[in-house]
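entry.csv (CSV, C-alpha atoms) appears below.
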```csv
chain,number,residue,atom,x,y,z
A,1,MET,CA,-94.0,-83.4,25.1
A,2,LYS,CA,-91.6,-80.5,24.4
A,3,LYS,CA,-91.7,-81.3,20.7
A,4,THR,CA,-95.5,-81.0,20.7
A,5,ILE,CA,-95.5,-77.6,22.6
A,6,VAL,CA,-92.9,-76.2,20.2
A,7,THR,CA,-94.9,-77.4,17.2
A,8,LEU,CA,-98.1,-75.9,18.6
A,9,THR,CA,-96.3,-72.6,19.4
A,10,ALA,CA,-94.9,-72.4,15.8
A,11,SER,CA,-98.3,-73.2,14.3
A,12,LEU,CA,-99.9,-70.5,16.4
A,13,ALA,CA,-97.2,-68.0,15.3
A,14,VAL,CA,-97.7,-68.8,11.6
A,15,LEU,CA,-101.5,-68.4,11.9
A,16,LEU,CA,-101.2,-65.1,13.6
A,17,PHE,CA,-98.7,-63.8,11.1
A,18,THR,CA,-100.9,-65.0,8.2
A,19,GLY,CA,-103.9,-63.2,9.6
A,20,VAL,CA,-101.9,-60.0,9.9
A,21,ALA,CA,-100.6,-60.4,6.3
A,22,ILE,CA,-104.1,-61.1,4.9
A,23,ALA,CA,-105.6,-58.1,6.7
A,24,GLY,CA,-103.6,-55.7,4.5
A,25,VAL,CA,-104.7,-57.3,1.2
A,26,SER,CA,-107.4,-55.6,-0.8
A,27,SER,CA,-109.5,-57.7,-3.1
A,28,LEU,CA,-110.0,-57.1,-6.9
A,29,ARG,CA,-113.6,-57.8,-6.2
A,30,GLY,CA,-113.9,-54.5,-4.3
A,31,ASP,CA,-116.4,-54.3,-1.5
A,32,GLN,CA,-118.4,-57.3,-2.8
A,33,ALA,CA,-118.8,-60.2,-0.4
A,34,VAL,CA,-117.0,-63.4,-1.3
A,35,ASP,CA,-120.1,-65.5,-0.8
A,36,GLY,CA,-122.3,-63.0,-2.9
A,37,MET,CA,-123.1,-63.3,-6.6
A,38,SER,CA,-120.4,-61.8,-8.7
A,39,GLU,CA,-121.3,-58.9,-11.0
A,40,LYS,CA,-121.2,-59.6,-14.7
A,41,PRO,CA,-118.0,-57.9,-16.1
A,42,ALA,CA,-118.3,-55.2,-18.7
A,43,LYS,CA,-117.7,-56.6,-22.2
A,44,LYS,CA,-114.3,-55.4,-23.5
A,45,LYS,CA,-113.5,-54.6,-27.1
A,46,GLN,CA,-111.2,-57.2,-28.6
A,47,MET,CA,-108.0,-55.9,-30.2
A,48,LEU,CA,-107.9,-56.3,-34.0
A,49,VAL,CA,-104.3,-56.1,-35.1
A,50,GLU,CA,-103.4,-56.3,-38.8
A,51,GLY,CA,-100.3,-58.5,-39.2
A,52,GLY,CA,-100.5,-60.0,-35.7
A,53,ILE,CA,-99.1,-59.1,-32.3
A,54,GLU,CA,-95.4,-59.4,-31.5
A,55,ARG,CA,-94.5,-62.2,-29.1
A,56,SER,CA,-93.1,-61.3,-25.7
A,57,TYR,CA,-90.7,-64.2,-25.4
A,58,GLN,CA,-89.3,-67.1,-27.4
A,59,LEU,CA,-91.7,-70.1,-27.9
A,60,GLN,CA,-94.7,-68.0,-26.7
A,61,PRO,CA,-97.8,-69.2,-28.5
A,62,PRO,CA,-99.0,-66.5,-30.8
A,63,VAL,CA,-101.9,-64.5,-29.5
A,64,ILE,CA,-105.0,-64.1,-31.6
A,65,PRO,CA,-105.2,-60.7,-33.4
A,66,HIS,CA,-108.8,-61.2,-34.7
A,67,LYS,CA,-112.3,-61.8,-33.4
A,68,ILE,CA,-113.1,-65.4,-32.4
A,69,ASP,CA,-116.6,-65.0,-30.9
A,70,LYS,CA,-118.2,-66.8,-33.8
A,71,ASP,CA,-115.6,-69.5,-34.0
A,72,GLU,CA,-116.4,-73.0,-32.8
A,73,ILE,CA,-114.0,-75.5,-31.3
A,74,ASN,CA,-115.5,-78.8,-30.0
A,75,LEU,CA,-115.0,-82.5,-30.6
A,76,ASN,CA,-116.6,-82.4,-34.0
A,77,VAL,CA,-115.6,-79.0,-35.4
A,78,ASN,CA,-112.6,-76.7,-35.3
A,79,THR,CA,-113.3,-73.6,-37.3
A,80,CYS,CA,-109.8,-72.2,-36.8
A,81,MET,CA,-108.7,-74.7,-39.4
A,82,ASN,CA,-110.9,-73.0,-42.0
A,83,CYS,CA,-108.1,-70.4,-42.3
A,84,HIS,CA,-105.0,-71.8,-40.6
A,85,SER,CA,-104.8,-75.3,-42.2
A,86,GLU,CA,-102.1,-76.3,-44.7
A,87,LYS,CA,-104.7,-76.3,-47.5
A,88,THR,CA,-106.2,-72.8,-46.8
A,89,PHE,CA,-103.7,-70.6,-45.1
A,90,GLU,CA,-102.2,-69.0,-48.3
A,91,GLN,CA,-105.6,-68.3,-49.8
A,92,LYS,CA,-106.9,-66.8,-46.5
A,93,LYS,CA,-103.5,-64.9,-45.9
A,94,ALA,CA,-103.3,-66.4,-42.4
A,95,PRO,CA,-100.4,-68.1,-40.6
A,96,LYS,CA,-100.3,-71.8,-41.0
A,97,VAL,CA,-100.6,-74.1,-38.0
A,98,GLY,CA,-97.1,-75.1,-36.8
A,99,ASP,CA,-95.8,-78.5,-37.7
A,100,SER,CA,-95.5,-79.3,-34.0
A,101,HIS,CA,-99.3,-79.4,-33.9
A,102,TYR,CA,-99.2,-82.5,-36.1
A,103,VAL,CA,-96.9,-84.5,-33.8
A,104,SER,CA,-98.2,-87.0,-31.3
A,105,ARG,CA,-97.0,-87.3,-27.7
A,106,ASP,CA,-94.8,-90.2,-28.9
A,107,GLY,CA,-93.1,-88.1,-31.6
A,108,LYS,CA,-95.0,-89.7,-34.4
A,109,VAL,CA,-96.0,-87.3,-37.3
A,110,LEU,CA,-99.8,-87.4,-37.9
A,111,GLU,CA,-102.0,-86.6,-40.9
A,112,THR,CA,-104.4,-84.5,-38.7
A,113,LEU,CA,-104.0,-82.2,-35.7
A,114,SER,CA,-102.7,-83.9,-32.6
A,115,SER,CA,-105.5,-84.3,-30.0
A,116,ARG,CA,-103.3,-82.4,-27.5
A,117,ARG,CA,-103.1,-79.4,-29.9
A,118,TYR,CA,-106.7,-79.5,-31.2
A,119,PHE,CA,-108.3,-77.0,-28.8
A,120,CYS,CA,-106.5,-73.8,-30.0
A,121,SER,CA,-107.7,-71.5,-27.3
A,122,GLN,CA,-105.9,-73.5,-24.6
A,123,CYS,CA,-102.7,-71.8,-25.6
A,124,HIS,CA,-103.7,-69.0,-28.1
A,125,ALA,CA,-105.7,-66.2,-26.6
A,126,PRO,CA,-107.5,-63.1,-28.0
A,127,GLN,CA,-106.4,-59.8,-26.6
A,128,VAL,CA,-108.4,-56.9,-25.3
A,129,ASP,CA,-107.2,-53.3,-24.8
A,130,VAL,CA,-107.7,-52.7,-21.1
A,131,ASP,CA,-105.8,-51.2,-18.2
A,132,PRO,CA,-104.1,-53.9,-16.1
A,133,LEU,CA,-105.7,-54.9,-12.8
A,134,VAL,CA,-102.4,-54.7,-11.0
A,135,GLU,CA,-99.1,-52.9,-11.8
A,136,ASN,CA,-97.1,-54.9,-14.3
A,137,THR,CA,-93.4,-54.1,-15.1
A,138,PHE,CA,-92.8,-57.2,-17.3
A,139,GLU,CA,-90.6,-56.4,-20.4
A,140,GLY,CA,-90.6,-59.0,-23.2
A,141,ALA,CA,-87.5,-60.3,-24.8
A,142,LYS,CA,-86.4,-58.3,-27.9
```

Whole structure, structure tokens version:
Amino acid sequence: MKKTIVTLTASLAVLLFTGVAIAGVSSLRGDQAVDGMSEKPAKKKQMLVEGGIERSYQLQPPVIPHKIDKDEINLNVNTCMNCHSEKTFEQKKAPKVGDSHYVSRDGKVLETLSSRRYFCSQCHAPQVDVDPLVENTFEGAK
């Protein structure tokens, strides 16, 4: 019986503390109700950086320094490979897809892109020049 009372008291204290903590948080949605329709965000201009964008830390997937709005990646087509494949990268003056993208989960070297590395935008992201939503003091490795 005492154990149940202690557990209930602790649970009530946690709920009260959580409520107080949440009350001081402001939403990035502004005054918009959570159950309301969200507003369409303003379209931001994508950064176009000649020569690429410096990585912030070792083993970071490179970010995309060019437009990709017309690129297509699906089960049948990957237009990224039009420029970044081993056959075309020199002619297109683009970085070649890393050798790690041709290795299976089991460590076997493949002739084609590994299925786990096929959807480029899972790891590689285009960049836009915008102010951060929250303060950010991150400093990348040099």

(message) Excluding segment 73-84 of chain A and its own-chain neighbours fewer than 4 positions away, which residues fall within 8 Å of it when counting only C-alpha atoms? Please give them as a list in words.
(response) Thr88, Phe89, Lys92, Ala94, Pro95, Lys96, Val97, Tyr118, Phe119 and Cys120 of chain A

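For the set A:Met47, A:Ala42, A:Leu8, A:Met37, the residue with the smallest atom-to-atom gap to Asp129 of chain A is A:Met47, counting only C-alpha atoms.
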
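Considering all atoms listed in the file, the residue among A:Gln91, A:Gln46, A:Thr112, A:Ser100 positioned nearest to Val128 of chain A is A:Gln46.
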
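With atom CA of Leu133 of chain A on one side and atom CA of Gly30 of chain A on the other, the separation reads 11.8 Å.
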
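Going from atom CA of Val63 of chain A to atom CA of Glu139 of chain A covers 16.6 Å.
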
(message) Between atom CA of Val49 of chain A and atom CA of His66 of chain A, what distance in Å does the model show, to one decimal?
(response) 6.8 Å

(request) May I have the protein, DNA and RNA residues with any atom at most 7 Å from the point (-99.1, -86.3, -37.3), counting only C-alpha atoms, written as a ChimeraX atom specification? (result) /A:102-104,108-114

(request) Tell me which protein, DNA and RNA residues are within 12 Å of Gln127 of chain A, counting all atoms listed in the file, leaving out same-chain ones fewer than 3 positions away, and put them as a PyMOL selection string. (result) chain A and resi 44-49+52-53+62-68+121+124+130

(request) Could you check which of A:Asp99, A:Asp69, A:Asp131, A:Glu50 is closest to Glu86 of chain A, using only C-alpha atoms? (result) A:Asp99
